[in-house]
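To start, the structure itself, in structure tokens.
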Amino acid sequence: MTTATEIESTLRAALGSDFIESYRGADNRCFIRINRNRIRDICRILLTDFQARLCQLSGMDLGLEGLDLFYSFSLDHGEKGLHVVVKANLPREDPKIDSLTLLTESANFPERETAELLGIQFLDHPNLKHFMLPYEWPAKMESSSRTEIFGEEKSSEVQQGTAWVPLRPSKESMLASVIPIGPYHPALIETAFFKLQVDGEKILNADMKFGFNHRGIMRLMQNRSYWRDIYLAERVCGICSQAHSTAFCRTAEMINKIDIPDRARYIRTFMCELERLQSHLLWLGVAMDLIGFQTLFMLSWKDREIVMDCQEMISGARVHKAMNTIGGARRDIAKEIIPKIETKITELKKSLVTTINTVANDSIIKARTKDVGLLTKKDAINLGVVGPTARASGVDIDVRRDDPYAAYGEVPFKVITRSEGDVLAKVEVRLGEIEEALGICEHCIDVLQNVGGPLSTEVSEFAEGDAFGKVEALRGELVYYISSNGTNVPEAVRMRTPSFNNNASIPYMLREQTIADAPIIIGSIDPCFSCTDRLVELEDVKTHRRYTATLKQLGKKCKRL
């Protein structure tokens with residue numbers, strides 16, 4: 001089994017004088033600082049020799065001391081909780097470093113984001129276009145003109161590599177369509193923009209644009225105390241507010257190496273699994289709605305209401321439970337309401353029998369999801385996808401087992417995996433996780449009836465140093481990195497949500513699929529994206545003329561192809 005000492009010795013021998021320093025953090029974290037010119041060498045060793053996985057890539061501005069980049073790697077098959085954080089400093093006057101995209105595609109999105117946030121240049125990155133800003137910025141801002149939006153005319157001021165690269169049809173196609181999905185829809189807050197290049201009904205390629213709802217929460221966290229930051233963490237996403245506050249509190253507790261009381265550990269675990277139940281049931285309803293199965297949509301959301309009742313019974317709120325504080329829990333689960341919770345869980349188990357059997361046996365669901373949106377295990381590993389999306393492709397990772405937090409190290413449960421990698425496998429993984437979550441909830445309730453003691457450990461000040469923490473959120477591995485300067489206000493907070501990684505898999509799953517399957521394929525990773533716009537743009541390959549067509553006109557074109 002790989003150990004931190006073994007990794008440190010190997011890297012020190014390989015880098016020589018470029019290995020600057022190393023130190024250990026809480027929960028088996030190893031921090032290593034190196035010369036920036038050797039970043040690709042050290043990452044190649046971690047990815048190839050130790051089968052590490054890139055969890056997070058981000059950076060922080062140190063003012064006159066330059067820019068600090070950090071690369072967090074998970075050793076899933078090493079010692080429990082083993083992680084290596086590689087740090088490199090870049091001078092402000094020359095913020096350049098080698099890109100890791102040649103080694104792993106999982107570095108693509110984070111390098112683009114970091115380049116935009118800090119102005120760092122990642123050398124040899126294949127397409128370092130804007131991640132959040134409009135692609136044309138700063139030459140020109142987004143326009144209402146369809147000519148500018150779809151990129152027929154390029155400004156001479158557009159920087160190299162930052163412009164939107166229009167999708168081009170294959171030479172075999174005499175006429176191809178570019179179908180825009182998103183970015184705005186009146187029913188959704190989060191937005192994303194997809195451009196599908198299609199030949200008839202077949203999707204040839206896809207491109208994506210994010211950043212329409214960027215709120216700058218990481219920056220806001222640097223101006224508030226740790227306790228006020230919990231409030232912000234809970235509002236990164238309402239569906240997984242418990243997961244975010246648990247991840248933030250766990251990382252903050254690592255700085256002072258704080259052990260939280262047993263009762264608080266089980267309360268955190270119970271609330272996290274309640275949240276997993278309501279999220280998976282919400283997703284199941286949305287997924288069934290995307291394929292037109294309205295009955296199952298209503299059944300799953302009816303079951304979800306039982307979970308929401310439990311959350312409201314415990315915390316007084318259905319969405320933002322506000323159960324966590326640094327050092328433990330803010331609220332207890334009173335003994336008098338435990339019988340009511342047990343009744344609700346029993347009711348949910350009975351109701352779920354119908355829902356799960358319907359999904360497992362319905363021929364329409366299988367026809368719409370089996371062999372649709374395939375993501376191979378190799379691609380899943382290369383892209384760094386996490387959570388049910390990764391486990392449905394045979395990647396056996398789960399933070400609850402591999403890096404235990406709260407009470408997960410003492411709670412029996414199975415990690416559900418499938419090898420098919422299609423949409424049906426993602427459905428089956430989540431259904432299995434629903435059953436496992438029910439078992440974890442029942443176990444926690446039994447323990448909470450017998451375990452007493454305080455709810456939290458008092459925390460008045462923070463030590464100086466860095467901490468890297470994570471939890472298994474509803475959509476997968478959720479990562480937080482906190483740099484502390486010894487005050488009650490963090491020096492920097494960086495987070496990497498599971499959707500940030502999983503989004504990169506969408507173009508891979510869409511290729512060679514049909515337009516009709518695009519909604520369920522995009523929805524299979526459990527995103528919060530927009531629905532489909534009604535405009536379609538066509539391009540004639542011979543004349544390179546583009547024009548907008550109605551859905552009726554598109555149908556006629558498709559029939560002639």
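The way I read the labels, and the way they are meant: chains A, B, ... in the order of the structure tokens, residue 1 as the first residue of every chain, and ligand 1 as the first ligand shown, with later ones counted on from there.
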
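Residues in contact range of Ala406 in chain A, defined as at most 8 Å between only C-alpha atoms, with sequence neighbours fewer than 6 positions away removed, read A:Ala264, A:Arg265, A:Tyr266, A:Arg268, A:Thr269.
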
Using DSSP secondary structure from the backbone, list all alpha helix (DSSP H) positions within range 148-395 of chain A, as a PyMOL selection string. chain A and resi 148-149+217-221+226-234+241-255+262-290+294-315+338-361+363-369+377-383+387-391

Write a file of the just-selected residues containing C-alpha atoms, as a short mmCIF file (atom, residue, chain, number, x, y, z; two decimals), in the first residue's frame.
```
data_model
loop_
_atom_site.label_atom_id
_atom_site.label_comp_id
_atom_site.auth_asym_id
_atom_site.auth_seq_id
_atom_site.Cartn_x
_atom_site.Cartn_y
_atom_site.Cartn_z
CA GLU A 148 -21.42 38.04 -33.35
CA ILE A 149 -22.84 35.35 -31.09
CA ILE A 217 -18.26 33.17 -3.69
CA MET A 218 -14.63 32.11 -3.27
CA ARG A 219 -13.56 35.75 -3.29
CA LEU A 220 -16.33 36.71 -0.87
CA MET A 221 -15.11 34.06 1.58
CA TYR A 226 -14.86 31.36 9.09
CA TRP A 227 -18.24 31.27 10.83
CA ARG A 228 -19.82 33.70 8.35
CA ASP A 229 -18.33 31.67 5.51
CA ILE A 230 -20.43 28.66 6.54
CA TYR A 231 -23.48 30.70 5.49
CA LEU A 232 -21.92 31.30 2.07
CA ALA A 233 -20.87 27.67 1.64
CA GLU A 234 -24.44 26.53 2.21
CA SER A 241 -26.18 22.82 1.18
CA GLN A 242 -25.41 20.22 3.87
CA ALA A 243 -22.58 18.75 1.79
CA HIS A 244 -20.98 22.16 1.21
CA SER A 245 -21.14 23.21 4.85
CA THR A 246 -19.78 19.80 5.91
CA ALA A 247 -16.88 20.09 3.46
CA PHE A 248 -16.06 23.65 4.55
CA CYS A 249 -16.27 22.83 8.26
CA ARG A 250 -14.18 19.68 7.84
CA THR A 251 -11.46 21.62 6.03
CA ALA A 252 -11.49 24.43 8.62
CA GLU A 253 -11.26 21.84 11.42
CA MET A 254 -8.19 20.32 9.74
CA ILE A 255 -6.27 23.56 10.22
CA ASP A 262 -19.33 11.61 18.45
CA ARG A 263 -22.90 12.87 18.50
CA ALA A 264 -22.04 15.64 16.04
CA ARG A 265 -20.33 13.13 13.73
CA TYR A 266 -23.48 11.00 13.51
CA ILE A 267 -25.74 14.02 13.08
CA ARG A 268 -23.59 15.18 10.15
CA THR A 269 -23.71 11.71 8.59
CA PHE A 270 -27.48 11.41 9.03
CA MET A 271 -28.16 14.83 7.52
CA CYS A 272 -25.81 14.19 4.59
CA GLU A 273 -27.63 10.96 3.75
CA LEU A 274 -31.05 12.60 4.06
CA GLU A 275 -29.79 15.16 1.58
CA ARG A 276 -28.53 12.40 -0.73
CA LEU A 277 -31.98 10.80 -0.64
CA GLN A 278 -33.85 13.97 -1.57
CA SER A 279 -31.33 14.86 -4.28
CA HIS A 280 -31.34 11.44 -5.97
CA LEU A 281 -35.15 11.35 -5.88
CA LEU A 282 -35.28 14.86 -7.34
CA TRP A 283 -32.88 13.82 -10.10
CA LEU A 284 -34.86 10.65 -10.81
CA GLY A 285 -38.02 12.71 -11.30
CA VAL A 286 -36.26 15.16 -13.62
CA ALA A 287 -34.67 12.31 -15.61
CA MET A 288 -38.02 10.59 -16.07
CA ASP A 289 -39.57 13.88 -17.13
CA LEU A 290 -36.84 14.28 -19.78
CA GLN A 294 -44.63 11.76 -16.15
CA THR A 295 -46.03 9.09 -13.82
CA LEU A 296 -42.63 8.17 -12.42
CA PHE A 297 -41.74 11.86 -12.22
CA MET A 298 -44.66 12.40 -9.84
CA LEU A 299 -44.02 9.20 -7.87
CA SER A 300 -40.36 10.03 -7.17
CA TRP A 301 -41.16 13.60 -6.16
CA LYS A 302 -43.92 12.30 -3.87
CA ASP A 303 -41.30 10.11 -2.18
CA ARG A 304 -38.95 13.09 -1.97
CA GLU A 305 -41.52 15.03 0.06
CA ILE A 306 -41.19 12.44 2.84
CA VAL A 307 -37.46 13.25 3.07
CA MET A 308 -38.11 16.98 2.96
CA ASP A 309 -40.54 16.56 5.88
CA CYS A 310 -37.76 14.92 7.90
CA GLN A 311 -35.34 17.76 7.14
CA GLU A 312 -37.93 20.34 8.15
CA MET A 313 -38.78 18.40 11.30
CA ILE A 314 -35.14 18.44 12.41
CA SER A 315 -33.94 21.88 11.34
CA ILE A 338 -36.74 10.26 16.50
CA PRO A 339 -39.87 7.99 16.50
CA LYS A 340 -41.47 10.35 13.97
CA ILE A 341 -38.36 10.17 11.78
CA GLU A 342 -38.36 6.37 12.00
CA THR A 343 -42.01 6.33 10.89
CA LYS A 344 -41.15 8.53 7.91
CA ILE A 345 -38.23 6.29 6.91
CA THR A 346 -40.45 3.20 7.10
CA GLU A 347 -43.05 4.97 4.96
CA LEU A 348 -40.37 5.93 2.42
CA LYS A 349 -39.03 2.37 2.19
CA LYS A 350 -42.48 1.00 1.42
CA SER A 351 -43.19 3.69 -1.15
CA LEU A 352 -39.84 3.24 -2.88
CA VAL A 353 -40.60 -0.41 -3.67
CA THR A 354 -43.03 0.68 -6.39
CA THR A 355 -40.67 3.35 -7.76
CA ILE A 356 -37.61 1.08 -7.92
CA ASN A 357 -39.51 -1.86 -9.42
CA THR A 358 -40.97 0.39 -12.10
CA VAL A 359 -37.55 1.69 -13.11
CA ALA A 360 -36.04 -1.78 -13.07
CA ASN A 361 -38.73 -3.46 -15.17
CA SER A 363 -39.30 -1.49 -21.12
CA ILE A 364 -39.68 2.17 -22.16
CA ILE A 365 -37.10 3.34 -19.63
CA LYS A 366 -34.63 0.71 -20.82
CA ALA A 367 -35.23 1.60 -24.47
CA ARG A 368 -34.52 5.28 -23.79
CA THR A 369 -31.48 4.80 -21.53
CA LYS A 377 -14.01 3.78 -17.95
CA LYS A 378 -10.89 5.06 -19.72
CA ASP A 379 -12.56 8.35 -20.62
CA ALA A 380 -14.06 8.68 -17.14
CA ILE A 381 -10.61 8.37 -15.54
CA ASN A 382 -8.95 10.70 -18.06
CA LEU A 383 -11.66 13.37 -17.60
CA GLY A 387 -19.66 10.48 -8.07
CA PRO A 388 -22.42 8.39 -9.69
CA THR A 389 -21.18 9.44 -13.14
CA ALA A 390 -17.80 7.82 -12.47
CA ARG A 391 -19.17 4.80 -10.61
#
```

Run DSSP on the backbone and tell me which residues of range 336-495 of chain A come out as strand (DSSP E or B); list them as number ranges by chain. A: 456, 464-472, 477-485, 492-495

Any idea what's packed within 6 Å of range 58-71 of chain A, counting only C-alpha atoms, ignoring anything in its chain fewer than 4 positions away? Could you give it as a count of residues only? 9

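Using only C-alpha atoms, the protein and nucleic acid residues lying no more than 10 Å from range 76-80 of chain A, apart from those fewer than 2 places from it along its own chain, are Met1, Thr2, Thr3, Ala4, Asp27, Asn28, Phe50, Gln51, Ala52, Arg53, Phe73, Ser74, Leu82, His83, Asp396, Ile397, Asp398, Val399, Arg401, Asp402, Asp403 and Pro404 of chain A.
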
When you count only C-alpha atoms, which of these residues is closest to Ile440 in chain A: A:Lys209, A:Arg215, A:Lys414, A:Arg33? A:Lys414

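For the pair CA of Gln56 in chain A and CA of Arg475 in chain A, the interatomic distance is 16.0 Å.
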
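One finds CA of Gly476 in chain A at 27.0 Å from CA of Ile39 in chain A.
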
Pick from A:Leu510, A:Leu478, A:Ala463, A:Leu374: nearest to Pro490 in chain A, with only C-alpha atoms counted? A:Ala463

Residues near range 481-484 of chain A, anyone? I mean within 6 Å using only C-alpha atoms, not counting same-chain ones fewer than 6 positions away, as a PyMOL selection string. chain A and resi 464-468+490-494

Using only C-alpha atoms, find the one residue out of A:Glu420, A:Glu116, A:Asp371, A:Glu410 that sits nearest to Ser393 in chain A. A:Glu420

Surrounding residues of Ala115 in chain A excluding itself and chain neighbours under 3 positions, 10 Å, only C-alpha atoms, as an MDAnalysis selection string: chainID A and resid 58:59 95:96 109:112 118:122 128:131

Generate a file of the selected residues that holds C-alpha atoms, formatted as a PDB file, in the first residue's frame.
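To be explicit, this is the file written out as out.pdb:
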```pdb
ATOM      1  CA  SER A  58      -6.255  26.285  -8.456  1.00  0.00           C
ATOM      2  CA  GLY A  59      -4.185  29.173  -7.169  1.00  0.00           C
ATOM      3  CA  PRO A  95       3.215  33.925 -14.637  1.00  0.00           C
ATOM      4  CA  LYS A  96       3.871  30.963 -16.914  1.00  0.00           C
ATOM      5  CA  PHE A 109     -11.271  23.040 -17.222  1.00  0.00           C
ATOM      6  CA  PRO A 110      -9.357  24.026 -14.047  1.00  0.00           C
ATOM      7  CA  GLU A 111      -6.467  25.468 -16.072  1.00  0.00           C
ATOM      8  CA  ARG A 112      -8.889  27.563 -18.101  1.00  0.00           C
ATOM      9  CA  LEU A 118      -5.257  34.894 -11.977  1.00  0.00           C
ATOM     10  CA  GLY A 119      -3.910  35.625 -15.469  1.00  0.00           C
ATOM     11  CA  ILE A 120      -1.593  32.607 -15.472  1.00  0.00           C
ATOM     12  CA  GLN A 121      -0.444  31.297 -18.852  1.00  0.00           C
ATOM     13  CA  PHE A 122      -0.507  27.499 -19.154  1.00  0.00           C
ATOM     14  CA  LEU A 128      -7.108  28.222 -23.465  1.00  0.00           C
ATOM     15  CA  LYS A 129     -10.291  30.123 -24.288  1.00  0.00           C
ATOM     16  CA  HIS A 130     -12.315  31.970 -21.669  1.00  0.00           C
ATOM     17  CA  PHE A 131     -14.155  29.876 -19.134  1.00  0.00           C
TER      18      PHE A 131
END
```

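Using only C-alpha atoms, the smallest distance between any of A:Ile20, A:Leu47, A:Ala206, A:Cys441 and Ile522 in chain A comes from A:Ala206.
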
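The environment of Leu15 in chain A within 12 Å, counting only C-alpha atoms and disregarding residues fewer than 2 places along the same chain, consists of Glu8, Ser9, Thr10, Leu11, Arg12, Ala13, Ser17, Asp18, Phe19, Ile20, Glu21, Ile32, Arg33, Ile34, Asn35, Arg36, Asn37, Arg38, Ile39, Arg40, Asp41, Ile42, Cys43 and Ile45 of chain A.
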
Export of prior selection with N, CA and C atoms as a PDB file, in the first residue's frame:
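Output below, filename again_6.pdb:
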```pdb
ATOM      1  N   GLU A   8       6.982  10.781  -0.988  1.00  0.00           N
ATOM      2  CA  GLU A   8       7.905  11.889  -0.737  1.00  0.00           C
ATOM      3  C   GLU A   8       9.333  11.510  -1.118  1.00  0.00           C
ATOM      4  N   SER A   9       9.754  10.304  -0.785  1.00  0.00           N
ATOM      5  CA  SER A   9      11.114   9.851  -1.108  1.00  0.00           C
ATOM      6  C   SER A   9      11.312   9.743  -2.612  1.00  0.00           C
ATOM      7  N   THR A  10      10.311   9.202  -3.308  1.00  0.00           N
ATOM      8  CA  THR A  10      10.409   9.051  -4.761  1.00  0.00           C
ATOM      9  C   THR A  10      10.511  10.406  -5.452  1.00  0.00           C
ATOM     10  N   LEU A  11       9.666  11.343  -5.038  1.00  0.00           N
ATOM     11  CA  LEU A  11       9.664  12.661  -5.666  1.00  0.00           C
ATOM     12  C   LEU A  11      10.932  13.444  -5.341  1.00  0.00           C
ATOM     13  N   ARG A  12      11.426  13.302  -4.131  1.00  0.00           N
ATOM     14  CA  ARG A  12      12.666  14.011  -3.753  1.00  0.00           C
ATOM     15  C   ARG A  12      13.842  13.494  -4.586  1.00  0.00           C
ATOM     16  N   ALA A  13      13.884  12.181  -4.804  1.00  0.00           N
ATOM     17  CA  ALA A  13      14.976  11.609  -5.592  1.00  0.00           C
ATOM     18  C   ALA A  13      14.875  12.022  -7.063  1.00  0.00           C
ATOM     19  N   SER A  17      17.359  19.105  -6.471  1.00  0.00           N
ATOM     20  CA  SER A  17      17.319  20.445  -5.877  1.00  0.00           C
ATOM     21  C   SER A  17      16.019  21.184  -6.189  1.00  0.00           C
ATOM     22  N   ASP A  18      15.239  20.702  -7.165  1.00  0.00           N
ATOM     23  CA  ASP A  18      13.958  21.336  -7.482  1.00  0.00           C
ATOM     24  C   ASP A  18      12.867  20.955  -6.491  1.00  0.00           C
ATOM     25  N   PHE A  19      13.146  19.996  -5.620  1.00  0.00           N
ATOM     26  CA  PHE A  19      12.240  19.652  -4.526  1.00  0.00           C
ATOM     27  C   PHE A  19      12.579  20.595  -3.369  1.00  0.00           C
ATOM     28  N   ILE A  20      11.740  21.594  -3.134  1.00  0.00           N
ATOM     29  CA  ILE A  20      12.078  22.668  -2.194  1.00  0.00           C
ATOM     30  C   ILE A  20      11.799  22.285  -0.755  1.00  0.00           C
ATOM     31  N   GLU A  21      10.584  21.836  -0.456  1.00  0.00           N
ATOM     32  CA  GLU A  21      10.249  21.478   0.922  1.00  0.00           C
ATOM     33  C   GLU A  21       9.014  20.594   0.929  1.00  0.00           C
ATOM     34  N   ILE A  32       3.824  19.461  -0.722  1.00  0.00           N
ATOM     35  CA  ILE A  32       5.169  19.496  -1.313  1.00  0.00           C
ATOM     36  C   ILE A  32       5.297  20.759  -2.163  1.00  0.00           C
ATOM     37  N   ARG A  33       6.374  21.510  -1.961  1.00  0.00           N
ATOM     38  CA  ARG A  33       6.647  22.692  -2.775  1.00  0.00           C
ATOM     39  C   ARG A  33       7.816  22.390  -3.697  1.00  0.00           C
ATOM     40  N   ILE A  34       7.656  22.740  -4.992  1.00  0.00           N
ATOM     41  CA  ILE A  34       8.676  22.431  -5.987  1.00  0.00           C
ATOM     42  C   ILE A  34       8.955  23.652  -6.847  1.00  0.00           C
ATOM     43  N   ASN A  35      10.004  23.536  -7.670  1.00  0.00           N
ATOM     44  CA  ASN A  35      10.290  24.537  -8.687  1.00  0.00           C
ATOM     45  C   ASN A  35       9.244  24.410  -9.792  1.00  0.00           C
ATOM     46  N   ARG A  36       8.710  25.528 -10.254  1.00  0.00           N
ATOM     47  CA  ARG A  36       7.618  25.494 -11.232  1.00  0.00           C
ATOM     48  C   ARG A  36       8.014  24.814 -12.536  1.00  0.00           C
ATOM     49  N   ASN A  37       9.304  24.802 -12.878  1.00  0.00           N
ATOM     50  CA  ASN A  37       9.741  24.199 -14.136  1.00  0.00           C
ATOM     51  C   ASN A  37       9.622  22.674 -14.148  1.00  0.00           C
ATOM     52  N   ARG A  38       9.387  22.079 -12.971  1.00  0.00           N
ATOM     53  CA  ARG A  38       9.311  20.617 -12.892  1.00  0.00           C
ATOM     54  C   ARG A  38       7.892  20.112 -12.644  1.00  0.00           C
ATOM     55  N   ILE A  39       6.883  20.989 -12.817  1.00  0.00           N
ATOM     56  CA  ILE A  39       5.516  20.588 -12.484  1.00  0.00           C
ATOM     57  C   ILE A  39       5.045  19.410 -13.324  1.00  0.00           C
ATOM     58  N   ARG A  40       5.420  19.406 -14.611  1.00  0.00           N
ATOM     59  CA  ARG A  40       4.966  18.311 -15.465  1.00  0.00           C
ATOM     60  C   ARG A  40       5.642  16.995 -15.098  1.00  0.00           C
ATOM     61  N   ASP A  41       6.903  17.066 -14.667  1.00  0.00           N
ATOM     62  CA  ASP A  41       7.623  15.848 -14.276  1.00  0.00           C
ATOM     63  C   ASP A  41       7.007  15.221 -13.034  1.00  0.00           C
ATOM     64  N   ILE A  42       6.748  16.049 -12.025  1.00  0.00           N
ATOM     65  CA  ILE A  42       6.215  15.499 -10.783  1.00  0.00           C
ATOM     66  C   ILE A  42       4.805  14.965 -10.971  1.00  0.00           C
ATOM     67  N   CYS A  43       4.028  15.626 -11.803  1.00  0.00           N
ATOM     68  CA  CYS A  43       2.664  15.161 -12.043  1.00  0.00           C
ATOM     69  C   CYS A  43       2.663  13.872 -12.847  1.00  0.00           C
ATOM     70  N   ILE A  45       4.880  11.533 -12.636  1.00  0.00           N
ATOM     71  CA  ILE A  45       5.212  10.462 -11.685  1.00  0.00           C
ATOM     72  C   ILE A  45       3.991  10.082 -10.857  1.00  0.00           C
TER      73      ILE A  45
END
```
